[in-house]
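S.K.: For reference, this is my_file02.txt, and it has compact mmCIF, C-alpha atoms.
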```txt
# COMPACT_ATOMS: atom_id res chain seq x y z
CA GLU U 1 -13.41 45.28 -107.00
CA ASP U 2 -12.57 41.62 -107.33
CA SER U 3 -8.87 42.38 -106.88
CA ASN U 4 -9.61 44.47 -103.77
CA SER U 5 -11.68 41.64 -102.30
CA ALA U 6 -8.88 39.18 -102.92
CA LEU U 7 -6.38 41.56 -101.33
CA ASN U 8 -8.56 42.02 -98.26
CA HIS U 9 -8.99 38.25 -98.03
CA ASN U 10 -5.21 37.69 -98.14
CA ASN U 11 -4.63 40.33 -95.47
CA SER U 12 -7.20 38.71 -93.21
CA ILE U 13 -5.40 35.39 -93.57
CA SER U 14 -1.97 36.86 -92.82
CA LEU U 15 -3.26 38.57 -89.72
CA GLN U 16 -4.50 35.33 -88.18
CA PRO U 17 -2.16 34.11 -85.38
CA LYS U 18 -0.26 30.98 -86.23
CA ILE U 19 -1.15 28.09 -83.93
CA MET U 20 1.95 25.98 -83.25
CA SER U 21 1.35 22.33 -82.63
CA GLU U 22 2.66 21.07 -79.27
CA PRO U 23 5.83 19.01 -79.70
CA LYS U 24 5.44 15.34 -79.03
CA LYS U 25 6.97 14.06 -75.86
CA MET U 26 10.02 11.92 -76.44
CA SER U 27 9.61 8.48 -74.97
CA SER U 28 12.42 6.00 -74.55
CA SER U 29 11.19 4.05 -77.58
CA SER U 30 11.61 7.16 -79.75
CA PHE U 31 15.37 7.42 -79.53
CA LEU U 32 16.06 4.94 -82.32
CA SER U 33 13.86 3.40 -84.96
CA SER U 34 13.06 -0.27 -84.66
CA SER U 35 14.86 -0.98 -87.94
CA GLU U 36 18.15 0.47 -86.71
CA GLU U 37 20.44 -1.89 -84.84
CA ILE U 38 21.58 -0.60 -81.45
CA VAL U 39 25.25 -0.86 -80.61
CA LEU U 40 25.70 -1.15 -76.86
CA ALA U 41 27.57 1.88 -75.50
CA PRO U 42 29.65 2.01 -72.31
CA THR U 43 27.19 4.55 -70.89
CA ASP U 44 24.08 2.40 -71.45
CA VAL U 45 22.38 0.66 -68.55
CA ILE U 46 21.58 -2.99 -69.25
CA CYS U 47 18.33 -4.14 -67.67
CA GLY U 48 18.84 -7.70 -66.54
CA ARG U 49 20.77 -9.94 -64.19
CA GLY U 50 24.14 -11.60 -64.22
CA ARG U 51 27.81 -10.74 -64.34
CA ILE U 52 27.68 -8.99 -67.72
CA CYS U 53 25.04 -6.55 -66.50
CA ALA U 54 26.70 -5.99 -63.13
CA GLN U 55 30.15 -5.30 -64.59
CA HIS U 56 29.04 -3.12 -67.51
CA PRO U 57 30.42 0.44 -67.09
CA GLY U 58 26.99 1.98 -67.59
CA ASN U 59 25.53 -0.17 -64.81
CA ARG U 60 28.35 0.77 -62.46
CA PHE U 61 27.71 4.44 -63.25
CA PHE U 62 24.00 3.85 -62.62
CA ARG U 63 24.65 2.24 -59.21
CA LYS U 64 26.85 5.21 -58.27
CA LEU U 65 24.02 7.57 -59.24
CA VAL U 66 21.62 5.60 -57.05
CA GLU U 67 24.07 5.65 -54.15
CA ASP U 68 24.51 9.43 -54.48
CA HIS U 69 20.73 9.97 -54.36
CA LEU U 70 19.95 7.36 -51.71
CA ASP U 71 19.81 9.74 -48.74
CA ARG U 72 17.41 12.05 -50.60
CA TYR U 73 15.25 9.06 -51.51
CA ALA U 74 15.18 7.91 -47.88
CA GLN U 75 14.13 11.40 -46.74
CA ALA U 76 11.40 11.74 -49.38
CA ASN U 77 8.11 11.37 -47.50
CA THR U 78 5.71 11.52 -50.47
CA LYS U 79 5.25 9.50 -53.63
CA LEU U 80 5.61 12.67 -55.68
CA ALA U 81 9.02 13.46 -54.17
CA LYS U 82 10.23 9.93 -54.86
CA SER U 83 8.82 10.05 -58.40
CA VAL U 84 10.67 13.30 -59.10
CA LEU U 85 13.90 11.73 -57.87
CA VAL U 86 13.38 8.71 -60.14
CA THR U 87 12.85 11.06 -63.08
CA THR U 88 16.04 12.93 -62.22
CA ILE U 89 18.12 9.74 -62.29
CA ILE U 90 16.56 8.62 -65.59
CA LYS U 91 17.40 11.97 -67.20
CA MET U 92 21.00 11.78 -65.96
CA VAL U 93 21.41 8.28 -67.40
CA ARG U 94 19.87 9.25 -70.74
CA HIS U 95 22.01 12.36 -70.93
CA GLN U 96 25.12 10.15 -70.89
CA SER U 97 23.78 7.60 -73.38
CA PRO U 98 23.48 7.85 -77.18
CA ASN U 99 20.86 5.09 -77.25
CA GLY U 100 18.24 6.09 -74.72
CA GLY U 101 19.91 4.98 -71.53
CA PHE U 102 18.14 1.77 -70.53
CA LEU U 103 18.47 -1.24 -72.81
CA LYS U 104 17.40 -4.85 -72.67
CA LYS U 105 18.58 -7.76 -74.77
CA ASN U 106 15.92 -9.43 -76.90
CA SER U 107 16.14 -13.16 -76.20
CA LYS U 108 14.87 -14.00 -79.69
CA THR U 109 16.97 -11.66 -81.85
CA GLY U 110 19.94 -11.25 -79.53
CA GLN U 111 19.81 -7.50 -80.16
CA TYR U 112 19.57 -4.74 -77.56
CA GLU U 113 16.36 -2.75 -77.47
CA VAL U 114 15.40 0.43 -75.64
CA VAL U 115 12.96 -0.33 -72.84
CA SER U 116 9.78 1.65 -72.26
CA ASP U 117 9.55 4.55 -69.83
CA ARG U 118 7.54 2.36 -67.47
CA LEU U 119 10.25 -0.30 -67.34
CA ALA U 120 12.96 2.33 -66.91
CA ARG U 121 11.11 3.81 -63.92
CA GLU U 122 10.60 0.34 -62.44
CA LYS U 123 14.32 -0.35 -62.85
CA VAL U 124 15.33 2.86 -61.07
CA GLY U 125 12.71 2.52 -58.32
CA GLN U 126 13.58 -1.09 -57.56
CA THR U 127 17.31 -0.34 -57.49
CA LEU U 128 16.71 2.51 -55.03
CA ARG U 129 14.60 0.31 -52.77
CA ASP U 130 17.13 -2.54 -52.85
CA ALA U 131 20.01 -0.20 -52.10
CA LEU U 132 18.10 1.37 -49.22
CA HIS U 133 17.29 -2.06 -47.76
CA THR U 134 20.92 -3.15 -48.06
CA LYS U 135 22.11 0.05 -46.41
CA TYR U 136 19.76 -0.34 -43.45
CA ARG U 137 20.58 -4.04 -43.10
CA SER U 138 24.32 -3.32 -43.16
CA SER U 139 23.85 -0.52 -40.64
CA THR U 140 21.84 -2.78 -38.32
CA GLU U 141 24.41 -5.57 -38.60
CA ALA U 142 27.25 -3.13 -37.91
CA LYS U 143 25.43 -1.82 -34.82
CA ARG U 144 24.85 -5.37 -33.58
CA LYS U 145 28.54 -6.26 -33.99
CA ARG U 146 29.56 -3.03 -32.29
CA ARG U 147 27.27 -3.76 -29.33
CA LEU U 148 28.66 -7.30 -29.00
CA HIS U 149 32.21 -5.94 -29.12
CA GLU U 150 31.42 -3.36 -26.44
CA MET U 151 29.77 -6.00 -24.25
CA ASP U 152 32.83 -8.22 -24.63
CA ILE U 153 35.12 -5.36 -23.60
CA GLN U 154 32.93 -4.59 -20.59
CA SER U 155 32.91 -8.25 -19.64
CA GLN U 156 36.70 -8.44 -19.82
CA GLN U 157 37.03 -5.24 -17.79
CA MET U 158 34.64 -6.54 -15.15
CA LYS U 159 36.50 -9.86 -15.00
CA HIS U 160 39.82 -8.07 -14.59
CA MET U 161 38.35 -5.78 -11.92
CA ILE U 162 36.98 -8.73 -9.96
CA LEU U 163 40.13 -10.82 -10.14
CA SER U 164 42.42 -7.90 -9.28
CA ASN U 165 40.34 -6.77 -6.28
CA GLN U 166 41.32 -8.54 -3.05
CA HIS U 167 37.98 -7.77 -1.44
CA VAL U 168 36.04 -9.38 -4.26
CA SER U 169 38.39 -12.34 -4.43
CA ALA U 170 37.96 -12.89 -0.69
CA VAL U 171 34.17 -12.86 -1.05
CA LEU U 172 34.27 -15.39 -3.88
CA SER U 173 36.58 -17.65 -1.90
CA GLU U 174 34.32 -17.39 1.13
CA VAL U 175 31.26 -18.33 -0.92
CA SER U 176 33.06 -21.31 -2.46
CA SER U 177 34.13 -22.59 0.95
CA LYS U 178 30.64 -22.39 2.45
CA ILE U 179 28.71 -24.08 -0.35
CA CYS U 180 28.19 -27.81 0.07
CA ASP U 181 26.02 -30.45 -1.58
CA ASP U 182 23.55 -30.81 1.30
CA MET U 183 22.98 -27.07 1.74
CA GLU U 184 19.37 -25.99 1.41
CA ASP U 185 18.44 -23.95 -1.65
CA SER U 186 17.17 -21.07 0.46
CA LYS U 187 20.53 -20.80 2.23
CA VAL U 188 22.40 -20.89 -1.10
CA GLU U 189 20.19 -18.08 -2.42
CA ARG U 190 20.80 -15.96 0.66
CA LEU U 191 24.53 -16.64 0.45
CA PHE U 192 24.73 -15.51 -3.16
CA ALA U 193 22.47 -12.51 -2.59
CA HIS U 194 24.67 -11.30 0.27
CA ALA U 195 27.86 -11.97 -1.71
CA ASN U 196 26.52 -10.01 -4.71
CA SER U 197 25.66 -7.10 -2.42
CA VAL U 198 29.16 -7.08 -0.92
CA ILE U 199 30.81 -7.30 -4.36
CA LEU U 200 28.65 -4.51 -5.80
CA THR U 201 29.42 -2.25 -2.82
CA GLU U 202 33.12 -2.87 -3.20
CA LEU U 203 33.11 -2.21 -6.96
CA LYS U 204 31.30 1.08 -6.41
CA ARG U 205 33.80 2.03 -3.70
CA THR U 206 36.74 1.17 -5.95
CA ARG U 207 35.35 3.30 -8.77
CA SER U 208 34.79 6.34 -6.56
CA ASP U 209 37.79 5.88 -4.24
CA PRO U 210 40.59 3.72 -5.64
CA GLY U 211 42.52 4.04 -2.39
CA PRO U 212 44.02 1.36 -0.14
CA ILE U 213 41.95 -1.84 0.04
CA ARG U 214 40.53 -2.80 3.38
CA ASN U 215 41.51 -6.04 5.10
CA PRO U 216 39.65 -8.81 3.26
CA CYS U 217 39.28 -10.69 6.53
CA SER U 218 36.81 -8.04 7.71
CA ILE U 219 34.25 -9.27 5.18
CA VAL U 220 31.73 -11.57 6.80
CA ILE U 221 29.03 -13.41 4.89
```
Kindly present the structure from the file in structure tokens form.
M.R.:
Amino acid sequence: EDSNSALNHNNSISLQPKIMSEPKKMSSSSFLSSSEEIVLAPTDVICGRGRICAQHPGNRFFRKLVEDHLDRYAQANTKLAKSVLVTTIIKMVRHQSPNGGFLKKNSKTGQYEVVSDRLAREKVGQTLRDALHTKYRSSTEAKRKRRLHEMDIQSQQMKHMILSNQHVSAVLSEVSSKICDDMEDSKVERLFAHANSVILTELKRTRSDPGPIRNPCSIVI
């Protein structure tokens, strides 16, 4: 009877479902133990400033990743969408790195250490924001230069049109001959207003009908 009870007890134990413990999430500090020295790899991203950080192959790869995802980041209209994009970039960096992806040099020991997940996310987010700002600023500056260039071309075309048109030249000469120092301001204003009207009419006529030019002498101000 005792043996049967023991057997039944063992069977009841074996029939119980095994509860598997949930695996611990891997944080960036879990890639290497603190006692193990990290050797900087070409695929690591150095968190910091200066020429060494900027020229490191891993940092150049990281900037290319940011550039490739910049349009998606700009179009993301929620914090969740932007957070998911940051996570994607972090995973891509860590996939290339044997050390955990994002490292920072300890000023006291001179050794590289893996930064926390929080710092890695701050690094990616700030780089995305800076790149987006630079892109918009460059785009705005390029548009401004393009507008100035177009205005300069239009100005040169207008100048050439005025100088090459006998009608317009005659009007300008007529205005210059009639202006004198003792002329009243009201008369000067009327003179220029009428001259502008004549010039504008002639330029419109030239654009729509570039035919023979009328006798400039027929223009009266």
S.K.: Interatomic distance between atom CA of U:His133 and atom CA of U:Lys145?
M.R.: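 Pair atom CA of U:His133 / atom CA of U:Lys145 returns 18.3 Å.
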S.K.: Find, counting only C-alpha atoms, the residue in U:Ala74, U:Ala195, U:Cys53, U:Met92 that gets nearest to U:Leu172.
M.R.: U:Ala195
S.K.: Hey, can you check how far atom CA of U:Arg72 sits from atom CA of U:Leu85?
M.R.: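 Separation of atom CA of U:Arg72 and atom CA of U:Leu85: 8.1 Å.
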S.K.: Using only C-alpha atoms, which of U:Leu132, U:Val66, U:Val175, U:Val45 sits nearest U:Arg190?
M.R.: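 Of all the options, U:Val175 lies closest to U:Arg190.
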S.K.: Out of U:Val114, U:Thr206, U:Gly125, U:Leu65, which residue has the shortest atom-to-atom distance to U:Lys79 when counting only C-alpha atoms?
M.R.: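 Under the stated criterion, the closest residue is U:Gly125.
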S.K.: Can you measure atom CA of U:Thr87 to atom CA of U:Arg60 for me? One decimal in Å is fine.
M.R.: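 We find that atom CA of U:Thr87 and atom CA of U:Arg60 lie 18.6 Å from each other.
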S.K.: Do a neighbour search on U:Gly101 at 6 Å with all atoms listed in the file, toss out local chain neighbours closer than 5 positions, and write the hits as a VMD selection string.
M.R.: chain U and resid 44 to 45 93 to 94
S.K.: If we count all atoms listed in the file and set the cut-off at 10 Å, which residues sit around U:Ile46, ignoring sequence neighbours fewer than 2 positions away in its own chain? Please answer as a compact mmCIF listing (two decimals) with C-alpha atoms, in the frame of the given file.
M.R.:
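New file out_31.txt:
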```txt
# COMPACT_ATOMS: atom_id res chain seq x y z
CA LEU U 40 25.70 -1.15 -76.86
CA ALA U 41 27.57 1.88 -75.50
CA PRO U 42 29.65 2.01 -72.31
CA THR U 43 27.19 4.55 -70.89
CA ASP U 44 24.08 2.40 -71.45
CA GLY U 48 18.84 -7.70 -66.54
CA ARG U 49 20.77 -9.94 -64.19
CA ILE U 52 27.68 -8.99 -67.72
CA CYS U 53 25.04 -6.55 -66.50
CA ALA U 54 26.70 -5.99 -63.13
CA HIS U 56 29.04 -3.12 -67.51
CA PRO U 57 30.42 0.44 -67.09
CA GLY U 58 26.99 1.98 -67.59
CA ASN U 59 25.53 -0.17 -64.81
CA PHE U 62 24.00 3.85 -62.62
CA GLY U 101 19.91 4.98 -71.53
CA PHE U 102 18.14 1.77 -70.53
CA LEU U 103 18.47 -1.24 -72.81
CA LYS U 104 17.40 -4.85 -72.67
CA LYS U 105 18.58 -7.76 -74.77
CA TYR U 112 19.57 -4.74 -77.56
CA GLU U 113 16.36 -2.75 -77.47
CA VAL U 114 15.40 0.43 -75.64
CA VAL U 115 12.96 -0.33 -72.84
```
S.K.: Find the residue from U:Cys47, U:Gln157, U:Arg144, U:Asn77 that sits nearest to U:Glu122; use all atoms listed in the file when measuring.
M.R.: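 The answer is U:Cys47, which sits nearest to U:Glu122.
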